[in-house]
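Worksheet: the structure to be examined is printed underneath.
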Protein chains: 2
Amino acid sequence: MAKQISELKLGILGGGQLGRMLIQEAVNYNVSTLILDPDPDAPCKNLANYFECGSITDFDTVYNFGKKADLITIEIEKVNIEALEQLEKEGKLVFPQSRVIRLIQDKGIQKQFFKENDIPTSPFQLVNGKAELVNVNFPFPYMLKQRRDGYDGKGVMKIENLYDVENAFEGPCLMEELVDFEKEIAVIVSRNSNGDVKTFPMVEMEFNAEANLVEFLISPSTYPADVQERAEKIACQIASALNITGLLAVEMFITKNGDILVNELAPRPHNSGHHTIEGNFVSQFEQHLRAICNLPLGDTRSRSNAVMINLLGEKGHDGVAKYQGLEKIMAIDGVYVHLYGKKYTKPFRKMGHVTIVDQNREHAIEKANFVKQTLKVIS
Amino acid sequence: MAKQISELKLGILGGGQLGRMLIQEAVNYNVSTLILDPDPDAPCKNLANYFECGSITDFDTVYNFGKKADLITIEIEKVNIEALEQLEKEGKLVFPQSRVIRLIQDKGIQKQFFKENDIPTSPFQLVNGKAELVNVNFPFPYMLKQRRDGYDGKGVMKIENLYDVENAFEGPCLMEELVDFEKEIAVIVSRNSNGDVKTFPMVEMEFNAEANLVEFLISPSTYPADVQERAEKIACQIASALNITGLLAVEMFITKNGDILVNELAPRPHNSGHHTIEGNFVSQFEQHLRAICNLPLGDTRSRSNAVMINLLGEKGHDGVAKYQGLEKIMAIDGVYVHLYGKKYTKPFRKMGHVTIVDQNREHAIEKANFVKQTLKVIS
């Protein structure tokens, strides 16, 4: 690109915690940041060079916002694609590319893309609406996912019988065979416009079933090298097939018979990469910047074992957030607190995360358990 | 304190790179930051929750600014002390305390403090003005330092003969015996209001003689453990004698016969601690926050060898800054770039720093030499 990174005006659609952590890194390169977010109190509000409160799904708002930037990126997929296409036509850089966001926005198209590109994934069936569910030959139980706008565990339900079908989502959905998995894993891969590709080491995730959110992430994985290599190869294969510029988070399952199945993609920094800030030589946020600016990709290796815990709002608490136990966990070596600047908590809202690094993996996990039991977001 | 760190309004006097890096850490704890700086384009301008362009040496400006904050700190010593004293009287928390800043503001009083507290330092003599220099019995050559307002290598000159005396500074000065040192070192110590004290490992510095600025810093030192312990003990002794709350950078000399002499103090994050961001478990900026908020101090141990290079404006360049060679150095593993958001460069202006981490000390130094030769701030 003609402009140096230090002269760049980076427009970011979405001003949540991902944008916030991206800005924290962009500061180191003098990148000017412009944020568009519908929430007047978005986590990025006070950190961006320019903050605009507005819809990220409205054509005019996104188009006019994008005109102010040299390079446009996203921190959430649910954005107005047509505006991004128009900006691209007019010569603006949009990374990830609008066609990649369009593909990933729709979980049905994502699944078809996997199938067409020989990417291993669970069997599926697309339906246009609830009425079709009863007529489709797809065995119970299965997962039903809304094709669009699912986020942070929303838009996903398990269908076990005809009663569940009655209460199923309306509109276009994806039926997915239930995967009897042993472990959920993720690989984050980065790719710049030169075509350089680098993967972060594979990580393992533990979910909170009630919230359907990642609660606990361990890096690096202790699966045998051949399994990790297979997962990383799949991530690279997807990045190349997409011809993406930027970061791509690939969520996968390891099944009980050792297969790897791709679950979902996110074309941006992702919850499964937060530990990289302290746990790896380059963080996912800096790597995303490097990739979209077509700069050399950073060193993705682990610096030490890292465990990441999402800090979710406690059940039964709705109001101005307080962080109970913060002082106690700050007394432990290797504990890194990241609060997201959200004034109000509500049950299961992502309020922050904590990363624990320790040369000893078991110690890191023990500390993480203590943090999980001790630190509570209440009101 | 009554308020949690996440509810705190932190007022910072000065909005340069130290404030900028402090804000980058404060974000992780939801701390609201208020900045007062006379430069309308100060590096903190776009990052603070509230930015006020105004004098940090004017009583009314500092007093009225301070009233807006819960806790006030500094990133430069040259501030209006009387306003801070008044704020303290009215119950505001000011850390470091105004009396500590007052003492350190005056290099003459600093030296007397060392003498009174048995802190090893070079022989010295105070003079009220240039006229006294010829009458004082103090052998050439010596260092002449203005007692107040010296900063970034300014306000210091070497006096070798009567001709130099003619061109010496006016006003109150400190004459210091020239130290025939083997190495300049620094120890950063932190102390919270509970009286907990922790030192960062001792570091070694290489100066740019022409600019009189640190150009190259190596962490940790390879001096024998007993030398490092002695230096760290001196730093703790000073922190306790000052009863400081916050961070204290202690610059010292190791003389050719193995003595350690204290040179100067800075009661705040300091250039000699920039490498801690990537090189140590806790960074000096987070440690300062922890100390002034009376929270548990973080783990100061080194994570790996680190070399820090100040990125100074090239000679002969005055204007809008460009960063030549940036892409080349970003291609090297373990290289961390920190630009300070200054639009204009001028010779020797501190425009940023680069930290190189490597498990192998010699490799870190080699990479640092490459960075130094490759990355140039030009206009």
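Convention: chains lettered A, B, ... in structure tokens order; per-chain residue numbering from 1; ligands numbered from 1 as shown.
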task = Please return, as a PyMOL selection string, all residues of chain A lying within 6 Å of chain B when only C-alpha atoms are considered.
result = chain A and resi 28-30+46-47+49+296+299+331+333+338-339+341
Surrounding residues of Gln146 in chain B excluding itself and chain neighbours under 5 positions, 8 Å, only C-alpha atoms, as a PyMOL selection string = chain B and resi 107+155-156+169+171-174
ask   = Contacts of Gln373 in chain A at 10 Å or less, counting only C-alpha atoms, minus same-chain residues fewer than 5 places along, as an MDAnalysis selection string?
value = chainID A and resid 325 367:368
inquiry  = Neighbouring residues of Ile218 in chain B were defined as those with any atom within 10 Å, considering only C-alpha atoms; residues of the same chain fewer than 3 positions away were excluded. Please report them as a PyMOL selection string.
reply    = chain B and resi 185+202-206+221-222+272+275+305-309+355-356+361+364-365+368
key: Atomic separation - CA of Ile292 in chain A relative to CA of Arg191 in chain A, Å   =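 A separation of 8.2 Å between them.
Within 8 Å of Lys315 in chain B, once only C-alpha atoms are used and residues closer than 5 positions along the same chain are dropped, the contacting residues are B:Lys346, B:Pro347, B:Phe348.
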Nearest to Ser193 in chain B by atom-to-atom distance, counting only C-alpha atoms, from B:His288, B:Arg230, B:Arg268, B:Arg147 = B:His288
